[in-house]
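Note: the block below is my_file_4.cif and it holds mmCIF, N, CA and C atoms.
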```
data_model
loop_
_atom_site.label_atom_id
_atom_site.label_comp_id
_atom_site.auth_asym_id
_atom_site.auth_seq_id
_atom_site.Cartn_x
_atom_site.Cartn_y
_atom_site.Cartn_z
N MET Y 1 3.96 -3.64 9.38
CA MET Y 1 2.85 -4.02 8.54
C MET Y 1 2.37 -5.40 8.97
N ILE Y 2 1.07 -5.55 8.93
CA ILE Y 2 0.40 -6.82 9.20
C ILE Y 2 -0.41 -7.16 7.95
N THR Y 3 -0.36 -8.43 7.54
CA THR Y 3 -1.09 -8.82 6.33
C THR Y 3 -1.80 -10.15 6.54
N ASN Y 4 -3.04 -10.20 6.12
CA ASN Y 4 -3.77 -11.45 6.00
C ASN Y 4 -3.93 -11.72 4.52
N GLY Y 5 -3.65 -12.93 4.09
CA GLY Y 5 -3.75 -13.28 2.68
C GLY Y 5 -4.54 -14.56 2.48
N TYR Y 6 -5.28 -14.61 1.37
CA TYR Y 6 -6.11 -15.76 1.05
C TYR Y 6 -5.96 -16.07 -0.43
N GLY Y 7 -5.98 -17.32 -0.78
CA GLY Y 7 -5.85 -17.66 -2.18
C GLY Y 7 -6.42 -19.02 -2.50
N VAL Y 8 -6.74 -19.19 -3.77
CA VAL Y 8 -7.19 -20.49 -4.28
C VAL Y 8 -6.45 -20.75 -5.59
N GLN Y 9 -6.21 -22.02 -5.87
CA GLN Y 9 -5.56 -22.44 -7.10
C GLN Y 9 -6.29 -23.66 -7.64
N PHE Y 10 -6.19 -23.86 -8.94
CA PHE Y 10 -6.74 -25.08 -9.51
C PHE Y 10 -5.86 -25.52 -10.67
N ASN Y 11 -5.97 -26.79 -11.00
CA ASN Y 11 -5.27 -27.36 -12.15
C ASN Y 11 -6.17 -28.45 -12.70
N TRP Y 12 -6.45 -28.38 -13.99
CA TRP Y 12 -7.30 -29.37 -14.63
C TRP Y 12 -6.61 -29.82 -15.91
N GLN Y 13 -6.42 -31.11 -16.07
CA GLN Y 13 -5.77 -31.68 -17.25
C GLN Y 13 -6.76 -32.64 -17.92
N PRO Y 14 -7.58 -32.11 -18.84
CA PRO Y 14 -8.58 -32.97 -19.48
C PRO Y 14 -7.98 -34.01 -20.40
N SER Y 15 -6.72 -33.79 -20.84
CA SER Y 15 -6.05 -34.79 -21.67
C SER Y 15 -4.55 -34.70 -21.41
N ALA Y 16 -3.81 -35.66 -21.93
CA ALA Y 16 -2.36 -35.66 -21.75
C ALA Y 16 -1.70 -34.52 -22.53
N ARG Y 17 -2.42 -33.90 -23.45
CA ARG Y 17 -1.87 -32.85 -24.32
C ARG Y 17 -2.36 -31.44 -23.99
N PHE Y 18 -3.14 -31.29 -22.93
CA PHE Y 18 -3.66 -29.95 -22.60
C PHE Y 18 -3.97 -29.86 -21.11
N SER Y 19 -3.57 -28.75 -20.51
CA SER Y 19 -3.97 -28.49 -19.13
C SER Y 19 -4.25 -27.00 -18.97
N ILE Y 20 -5.10 -26.70 -18.01
CA ILE Y 20 -5.45 -25.32 -17.68
C ILE Y 20 -5.33 -25.19 -16.17
N SER Y 21 -4.75 -24.10 -15.74
CA SER Y 21 -4.58 -23.84 -14.31
C SER Y 21 -4.93 -22.39 -14.04
N GLY Y 22 -5.02 -22.05 -12.79
CA GLY Y 22 -5.27 -20.67 -12.44
C GLY Y 22 -5.16 -20.43 -10.96
N TRP Y 23 -5.18 -19.15 -10.61
CA TRP Y 23 -5.15 -18.78 -9.20
C TRP Y 23 -5.80 -17.43 -9.00
N PHE Y 24 -6.23 -17.21 -7.78
CA PHE Y 24 -6.74 -15.92 -7.33
C PHE Y 24 -6.26 -15.73 -5.91
N SER Y 25 -5.69 -14.57 -5.63
CA SER Y 25 -5.23 -14.26 -4.28
C SER Y 25 -5.65 -12.85 -3.91
N THR Y 26 -5.98 -12.66 -2.66
CA THR Y 26 -6.27 -11.34 -2.14
C THR Y 26 -5.53 -11.18 -0.81
N PHE Y 27 -5.01 -10.01 -0.59
CA PHE Y 27 -4.24 -9.70 0.61
C PHE Y 27 -4.82 -8.45 1.25
N TYR Y 28 -4.83 -8.43 2.57
CA TYR Y 28 -5.34 -7.30 3.33
C TYR Y 28 -4.23 -6.77 4.23
N PRO Y 29 -3.42 -5.84 3.71
CA PRO Y 29 -2.34 -5.29 4.54
C PRO Y 29 -2.84 -4.18 5.45
N ARG Y 30 -2.22 -4.05 6.59
CA ARG Y 30 -2.47 -2.92 7.49
C ARG Y 30 -1.13 -2.23 7.71
N LEU Y 31 -1.00 -1.04 7.18
CA LEU Y 31 0.20 -0.24 7.37
C LEU Y 31 -0.04 0.69 8.55
N ILE Y 32 0.75 0.52 9.57
CA ILE Y 32 0.56 1.32 10.78
C ILE Y 32 0.71 2.78 10.43
N GLY Y 33 -0.30 3.56 10.77
CA GLY Y 33 -0.31 4.98 10.49
C GLY Y 33 -0.84 5.34 9.12
N GLU Y 34 -1.03 4.34 8.25
CA GLU Y 34 -1.51 4.60 6.88
C GLU Y 34 -2.92 4.05 6.65
N GLY Y 35 -3.28 2.99 7.34
CA GLY Y 35 -4.60 2.39 7.16
C GLY Y 35 -4.55 1.02 6.53
N ASP Y 36 -5.74 0.52 6.21
CA ASP Y 36 -5.90 -0.80 5.64
C ASP Y 36 -5.95 -0.72 4.12
N GLY Y 37 -5.59 -1.82 3.47
CA GLY Y 37 -5.62 -1.87 2.02
C GLY Y 37 -6.09 -3.21 1.51
N ASN Y 38 -6.14 -3.33 0.19
CA ASN Y 38 -6.49 -4.59 -0.45
C ASN Y 38 -5.63 -4.74 -1.70
N ILE Y 39 -5.02 -5.93 -1.86
CA ILE Y 39 -4.17 -6.24 -3.01
C ILE Y 39 -4.74 -7.49 -3.67
N LEU Y 40 -4.86 -7.45 -5.00
CA LEU Y 40 -5.38 -8.59 -5.76
C LEU Y 40 -4.35 -9.07 -6.77
N THR Y 41 -4.37 -10.35 -7.08
CA THR Y 41 -3.61 -10.94 -8.18
C THR Y 41 -4.34 -12.21 -8.63
N TYR Y 42 -4.32 -12.46 -9.94
CA TYR Y 42 -5.02 -13.63 -10.47
C TYR Y 42 -4.50 -13.93 -11.87
N ALA Y 43 -4.71 -15.17 -12.32
CA ALA Y 43 -4.26 -15.55 -13.66
C ALA Y 43 -4.88 -16.88 -14.08
N LEU Y 44 -4.87 -17.09 -15.39
CA LEU Y 44 -5.17 -18.38 -16.01
C LEU Y 44 -3.94 -18.78 -16.80
N THR Y 45 -3.60 -20.06 -16.76
CA THR Y 45 -2.47 -20.57 -17.53
C THR Y 45 -2.95 -21.73 -18.39
N PHE Y 46 -2.36 -21.82 -19.56
CA PHE Y 46 -2.68 -22.89 -20.50
C PHE Y 46 -1.38 -23.57 -20.89
N ALA Y 47 -1.36 -24.88 -20.91
CA ALA Y 47 -0.15 -25.62 -21.25
C ALA Y 47 -0.46 -26.70 -22.27
N LEU Y 48 0.43 -26.82 -23.25
CA LEU Y 48 0.34 -27.87 -24.25
C LEU Y 48 1.62 -28.70 -24.18
N PRO Y 49 1.62 -29.75 -23.32
CA PRO Y 49 2.81 -30.59 -23.17
C PRO Y 49 3.10 -31.40 -24.43
N ASP Y 50 4.38 -31.68 -24.62
CA ASP Y 50 4.85 -32.53 -25.71
C ASP Y 50 4.49 -31.99 -27.09
N LEU Y 51 4.36 -30.67 -27.21
CA LEU Y 51 4.05 -30.06 -28.50
C LEU Y 51 5.31 -30.08 -29.38
N GLY Y 52 5.25 -30.77 -30.48
CA GLY Y 52 6.41 -30.88 -31.36
C GLY Y 52 7.22 -32.13 -31.11
N GLN Y 53 7.53 -32.41 -29.86
CA GLN Y 53 8.24 -33.65 -29.48
C GLN Y 53 8.09 -33.85 -27.98
N ARG Y 54 8.38 -35.06 -27.53
CA ARG Y 54 8.29 -35.38 -26.11
C ARG Y 54 9.21 -34.46 -25.31
N GLY Y 55 8.68 -33.86 -24.24
CA GLY Y 55 9.46 -32.99 -23.36
C GLY Y 55 9.30 -31.51 -23.66
N ASN Y 56 8.78 -31.16 -24.84
CA ASN Y 56 8.54 -29.75 -25.15
C ASN Y 56 7.27 -29.28 -24.45
N LEU Y 57 7.12 -27.96 -24.35
CA LEU Y 57 5.93 -27.40 -23.67
C LEU Y 57 5.68 -26.00 -24.18
N LEU Y 58 4.47 -25.74 -24.66
CA LEU Y 58 4.02 -24.39 -24.99
C LEU Y 58 3.17 -23.92 -23.82
N GLY Y 59 3.48 -22.75 -23.28
CA GLY Y 59 2.73 -22.22 -22.16
C GLY Y 59 2.26 -20.80 -22.41
N LEU Y 60 1.05 -20.50 -21.94
CA LEU Y 60 0.47 -19.17 -22.03
C LEU Y 60 -0.05 -18.77 -20.65
N VAL Y 61 0.17 -17.52 -20.27
CA VAL Y 61 -0.29 -17.00 -18.99
C VAL Y 61 -1.00 -15.69 -19.26
N VAL Y 62 -2.21 -15.53 -18.71
CA VAL Y 62 -2.94 -14.27 -18.81
C VAL Y 62 -3.49 -13.97 -17.43
N GLY Y 63 -3.15 -12.81 -16.90
CA GLY Y 63 -3.64 -12.47 -15.57
C GLY Y 63 -3.27 -11.06 -15.18
N ALA Y 64 -3.30 -10.81 -13.90
CA ALA Y 64 -2.99 -9.49 -13.36
C ALA Y 64 -1.87 -9.60 -12.34
N GLU Y 65 -0.87 -8.73 -12.50
CA GLU Y 65 0.19 -8.59 -11.49
C GLU Y 65 -0.46 -8.12 -10.19
N PRO Y 66 0.15 -8.36 -9.03
CA PRO Y 66 -0.44 -7.84 -7.79
C PRO Y 66 -0.63 -6.33 -7.89
N TYR Y 67 -1.83 -5.87 -7.52
CA TYR Y 67 -2.13 -4.44 -7.57
C TYR Y 67 -3.01 -4.03 -6.39
N LEU Y 68 -2.78 -2.81 -5.95
CA LEU Y 68 -3.48 -2.25 -4.81
C LEU Y 68 -4.82 -1.67 -5.27
N THR Y 69 -5.91 -2.13 -4.67
CA THR Y 69 -7.23 -1.64 -5.05
C THR Y 69 -7.78 -0.62 -4.06
N GLU Y 70 -7.24 -0.63 -2.86
CA GLU Y 70 -7.76 0.27 -1.83
C GLU Y 70 -6.68 0.48 -0.77
N MET Y 71 -6.60 1.70 -0.28
CA MET Y 71 -5.66 1.99 0.82
C MET Y 71 -6.25 3.08 1.68
N GLY Y 72 -6.37 2.81 2.96
CA GLY Y 72 -6.91 3.80 3.90
C GLY Y 72 -8.37 4.10 3.70
N GLY Y 73 -9.09 3.20 2.99
CA GLY Y 73 -10.52 3.38 2.83
C GLY Y 73 -10.91 4.25 1.65
N ASP Y 74 -9.95 4.89 0.94
CA ASP Y 74 -10.28 5.74 -0.19
C ASP Y 74 -9.51 5.30 -1.43
N PRO Y 75 -10.17 4.54 -2.33
CA PRO Y 75 -9.45 4.03 -3.50
C PRO Y 75 -9.16 5.10 -4.55
N GLN Y 76 -9.64 6.31 -4.39
CA GLN Y 76 -9.46 7.35 -5.40
C GLN Y 76 -8.16 8.13 -5.25
N ASP Y 77 -7.36 7.87 -4.22
CA ASP Y 77 -6.12 8.60 -4.01
C ASP Y 77 -4.98 8.13 -4.91
N PHE Y 78 -5.17 7.08 -5.70
CA PHE Y 78 -4.10 6.54 -6.53
C PHE Y 78 -4.73 5.82 -7.73
N ALA Y 79 -3.91 5.55 -8.73
CA ALA Y 79 -4.40 4.86 -9.93
C ALA Y 79 -4.76 3.41 -9.58
N VAL Y 80 -5.88 2.96 -10.11
CA VAL Y 80 -6.31 1.58 -9.87
C VAL Y 80 -6.44 0.82 -11.20
N ASP Y 81 -5.67 1.24 -12.20
CA ASP Y 81 -5.68 0.52 -13.47
C ASP Y 81 -5.09 -0.88 -13.27
N VAL Y 82 -5.73 -1.87 -13.83
CA VAL Y 82 -5.30 -3.26 -13.65
C VAL Y 82 -4.04 -3.53 -14.49
N PRO Y 83 -2.93 -3.93 -13.85
CA PRO Y 83 -1.70 -4.22 -14.58
C PRO Y 83 -1.70 -5.66 -15.11
N LEU Y 84 -2.09 -5.82 -16.36
CA LEU Y 84 -2.18 -7.16 -16.93
C LEU Y 84 -0.81 -7.74 -17.24
N HIS Y 85 -0.73 -9.05 -17.14
CA HIS Y 85 0.49 -9.82 -17.43
C HIS Y 85 0.09 -10.86 -18.48
N ILE Y 86 0.68 -10.75 -19.67
CA ILE Y 86 0.40 -11.69 -20.74
C ILE Y 86 1.74 -12.29 -21.15
N GLU Y 87 1.84 -13.61 -21.11
CA GLU Y 87 3.12 -14.27 -21.31
C GLU Y 87 2.96 -15.51 -22.19
N ALA Y 88 3.94 -15.73 -23.04
CA ALA Y 88 4.00 -16.96 -23.84
C ALA Y 88 5.43 -17.48 -23.82
N PHE Y 89 5.58 -18.79 -23.72
CA PHE Y 89 6.92 -19.38 -23.75
C PHE Y 89 6.84 -20.76 -24.40
N TYR Y 90 8.00 -21.20 -24.90
CA TYR Y 90 8.08 -22.53 -25.49
C TYR Y 90 9.34 -23.21 -24.99
N ARG Y 91 9.16 -24.24 -24.19
CA ARG Y 91 10.30 -25.01 -23.69
C ARG Y 91 10.65 -26.08 -24.72
N HIS Y 92 11.87 -25.97 -25.24
CA HIS Y 92 12.34 -26.91 -26.27
C HIS Y 92 13.37 -27.85 -25.66
N ARG Y 93 13.11 -29.14 -25.78
CA ARG Y 93 14.01 -30.17 -25.25
C ARG Y 93 15.11 -30.44 -26.26
N LEU Y 94 16.35 -30.13 -25.89
CA LEU Y 94 17.48 -30.45 -26.75
C LEU Y 94 17.90 -31.90 -26.59
N ASN Y 95 17.92 -32.36 -25.33
CA ASN Y 95 18.17 -33.78 -25.02
C ASN Y 95 17.57 -34.04 -23.64
N ASP Y 96 17.84 -35.17 -23.06
CA ASP Y 96 17.24 -35.50 -21.76
C ASP Y 96 17.67 -34.57 -20.63
N ASN Y 97 18.76 -33.83 -20.81
CA ASN Y 97 19.31 -33.02 -19.72
C ASN Y 97 19.33 -31.53 -19.99
N ILE Y 98 19.02 -31.08 -21.20
CA ILE Y 98 19.11 -29.65 -21.52
C ILE Y 98 17.83 -29.19 -22.21
N PHE Y 99 17.28 -28.10 -21.69
CA PHE Y 99 16.09 -27.47 -22.27
C PHE Y 99 16.38 -25.99 -22.47
N ILE Y 100 15.89 -25.43 -23.57
CA ILE Y 100 15.98 -23.99 -23.81
C ILE Y 100 14.56 -23.46 -23.92
N THR Y 101 14.29 -22.36 -23.19
CA THR Y 101 12.94 -21.82 -23.14
C THR Y 101 12.93 -20.33 -23.49
N PRO Y 102 12.66 -19.99 -24.75
CA PRO Y 102 12.46 -18.58 -25.08
C PRO Y 102 11.03 -18.17 -24.73
N GLY Y 103 10.85 -16.90 -24.44
CA GLY Y 103 9.53 -16.42 -24.11
C GLY Y 103 9.42 -14.92 -24.25
N VAL Y 104 8.20 -14.45 -24.13
CA VAL Y 104 7.94 -13.01 -24.16
C VAL Y 104 6.86 -12.69 -23.14
N ILE Y 105 7.03 -11.57 -22.44
CA ILE Y 105 6.09 -11.11 -21.44
C ILE Y 105 5.66 -9.70 -21.80
N TRP Y 106 4.37 -9.46 -21.80
CA TRP Y 106 3.81 -8.12 -22.08
C TRP Y 106 3.11 -7.66 -20.81
N LEU Y 107 3.57 -6.56 -20.24
CA LEU Y 107 2.98 -5.98 -19.04
C LEU Y 107 2.27 -4.67 -19.42
N THR Y 108 0.98 -4.60 -19.15
CA THR Y 108 0.24 -3.36 -19.39
C THR Y 108 0.11 -2.62 -18.07
N ALA Y 109 0.00 -1.33 -18.14
CA ALA Y 109 -0.21 -0.48 -16.96
C ALA Y 109 0.82 -0.74 -15.86
N PRO Y 110 2.14 -0.66 -16.18
CA PRO Y 110 3.13 -0.83 -15.11
C PRO Y 110 2.88 0.15 -13.96
N ASN Y 111 3.15 -0.29 -12.75
CA ASN Y 111 2.87 0.50 -11.54
C ASN Y 111 1.39 0.85 -11.45
N GLN Y 112 0.56 -0.05 -11.99
CA GLN Y 112 -0.89 0.03 -12.05
C GLN Y 112 -1.42 1.36 -12.55
N SER Y 113 -0.77 1.91 -13.59
CA SER Y 113 -1.20 3.17 -14.20
C SER Y 113 -1.13 3.07 -15.72
N ASN Y 114 -2.25 3.31 -16.39
CA ASN Y 114 -2.28 3.30 -17.85
C ASN Y 114 -1.47 4.45 -18.44
N ASP Y 115 -1.09 5.43 -17.62
CA ASP Y 115 -0.24 6.53 -18.10
C ASP Y 115 1.18 6.05 -18.40
N ASN Y 116 1.60 4.95 -17.81
CA ASN Y 116 2.93 4.39 -18.06
C ASN Y 116 2.90 3.55 -19.33
N PRO Y 117 3.98 3.59 -20.12
CA PRO Y 117 4.00 2.77 -21.34
C PRO Y 117 4.08 1.29 -20.99
N ASP Y 118 3.48 0.48 -21.85
CA ASP Y 118 3.56 -0.97 -21.68
C ASP Y 118 5.01 -1.42 -21.70
N ALA Y 119 5.28 -2.54 -21.05
CA ALA Y 119 6.63 -3.12 -21.04
C ALA Y 119 6.57 -4.48 -21.74
N ILE Y 120 7.53 -4.71 -22.63
CA ILE Y 120 7.65 -6.01 -23.28
C ILE Y 120 9.03 -6.56 -22.93
N ILE Y 121 9.03 -7.77 -22.39
CA ILE Y 121 10.26 -8.38 -21.89
C ILE Y 121 10.49 -9.69 -22.65
N ALA Y 122 11.66 -9.82 -23.26
CA ALA Y 122 12.04 -11.07 -23.90
C ALA Y 122 12.83 -11.90 -22.89
N THR Y 123 12.57 -13.18 -22.85
CA THR Y 123 13.26 -14.06 -21.90
C THR Y 123 13.92 -15.22 -22.64
N LEU Y 124 14.98 -15.71 -22.07
CA LEU Y 124 15.63 -16.92 -22.58
C LEU Y 124 16.21 -17.66 -21.38
N ARG Y 125 15.72 -18.84 -21.15
CA ARG Y 125 16.17 -19.64 -20.00
C ARG Y 125 16.73 -20.96 -20.52
N THR Y 126 17.83 -21.37 -19.93
CA THR Y 126 18.40 -22.68 -20.22
C THR Y 126 18.37 -23.50 -18.94
N THR Y 127 17.84 -24.70 -19.03
CA THR Y 127 17.72 -25.59 -17.88
C THR Y 127 18.62 -26.80 -18.09
N PHE Y 128 19.47 -27.06 -17.10
CA PHE Y 128 20.34 -28.24 -17.11
C PHE Y 128 19.88 -29.20 -16.02
N LEU Y 129 19.65 -30.43 -16.34
CA LEU Y 129 19.26 -31.44 -15.35
C LEU Y 129 20.45 -32.34 -15.10
N PHE Y 130 20.74 -32.58 -13.82
CA PHE Y 130 21.88 -33.42 -13.43
C PHE Y 130 21.38 -34.69 -12.80
#
```
Write the structure described by the file as structure tokens, please.
Amino acid sequence: MITNGYGVQFNWQPSARFSISGWFSTFYPRLIGEGDGNILTYALTFALPDLGQRGNLLGLVVGAEPYLTEMGGDPQDFAVDVPLHIEAFYRHRLNDNIFITPGVIWLTAPNQSNDNPDAIIATLRTTFLF
């Protein structure tokens, strides 16, 4: 396989208490014997630093998981439903060295097909700083 990929990202922080970021990427894979394709992924993220206390962070992500839009020149051979990724998390600072981050991720159209049931994933991350 040969792939060319292109992407752009941005980050804008209009105040110390709010930032917005995002990205868009497109990939053009060539599968030998299968043809050319196109893969897209994109998202917007919102962050509210120091929400509740210094070091905390509320984050929201809304976008699309990487999905194939075309393969071999005929996009009708497979489902092209956009697999959305919606995520929320809250990083809570316990002290200067330990953070706990619970979150939830909602994935629509897994395997880029609306026929598949949505997936909801609960997350819990602990970060130790040394």
Å distance separating atom N of Y:Val80 from atom N of Y:Asn38, one decimal place: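 Computed distance, atom N of Y:Val80 to atom N of Y:Asn38, equals 12.1 Å.
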Distance query stretch 84-87 of chain Y at most 6.5 Å, only N, CA and C atoms, self and fewer than 4 positions along chain excluded, as an MDAnalysis selection string: chainID Y and resid 59:65 104:109
Residues returned when the PyMOL selection byres (((chain Y and resi 68 and name CA) around 7) and name CA) runs on this file, as a count of residues only: 7
Step by step: start from the point (-0.9, -14.5, -8.9) in the file's coordinates, keep every protein, DNA or RNA residue that has an atom no farther than 6 Å from it, count all atoms listed in the file, and write the set as a compact mmCIF listing (two decimals) with N, CA and C atoms, in the frame of the given file.
```
# COMPACT_ATOMS: atom_id res chain seq x y z
N TRP Y 23 -5.18 -19.15 -10.61
CA TRP Y 23 -5.15 -18.78 -9.20
C TRP Y 23 -5.80 -17.43 -9.00
N SER Y 25 -5.69 -14.57 -5.63
CA SER Y 25 -5.23 -14.26 -4.28
C SER Y 25 -5.65 -12.85 -3.91
N THR Y 41 -4.37 -10.35 -7.08
CA THR Y 41 -3.61 -10.94 -8.18
C THR Y 41 -4.34 -12.21 -8.63
N TYR Y 42 -4.32 -12.46 -9.94
CA TYR Y 42 -5.02 -13.63 -10.47
C TYR Y 42 -4.50 -13.93 -11.87
N ALA Y 43 -4.71 -15.17 -12.32
CA ALA Y 43 -4.26 -15.55 -13.66
C ALA Y 43 -4.88 -16.88 -14.08
```
DSSP strand (DSSP E) residues within stretch 32-111 of chain Y, as a ChimeraX atom specification: /Y:35-49,57-71,84-93,98-107
Sel. within 6 Å of pt (-1.8, 2.7, 2.2), counting only C-alpha atoms, output as a list of chain:residue names: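 Counting only C-alpha atoms, I find these residues within 6 Å of (-1.8, 2.7, 2.2): Y:Glu34, Y:Gly35, Y:Gly37, Y:Met71, Y:Gly72.
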Shortest interatomic distance to Y:Arg54 - which of Y:Phe130, Y:Tyr28, Y:Thr101, Y:His92, counting only N, CA and C atoms: Y:His92
Atom pair atom C of Y:Thr26 / atom N of Y:Pro110: separation (Å):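 We find that atom C of Y:Thr26 and atom N of Y:Pro110 lie 20.1 Å from each other.
Between atom CA of Y:Asp50 and atom CA of Y:Ile98 there is a distance of 15.1 Å.
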Explicit residues for the PyMOL selection byres ((chain Y and resi 96) around 8) (as a VMD selection string): chain Y and resid 93 to 95 97 to 99 128 to 130
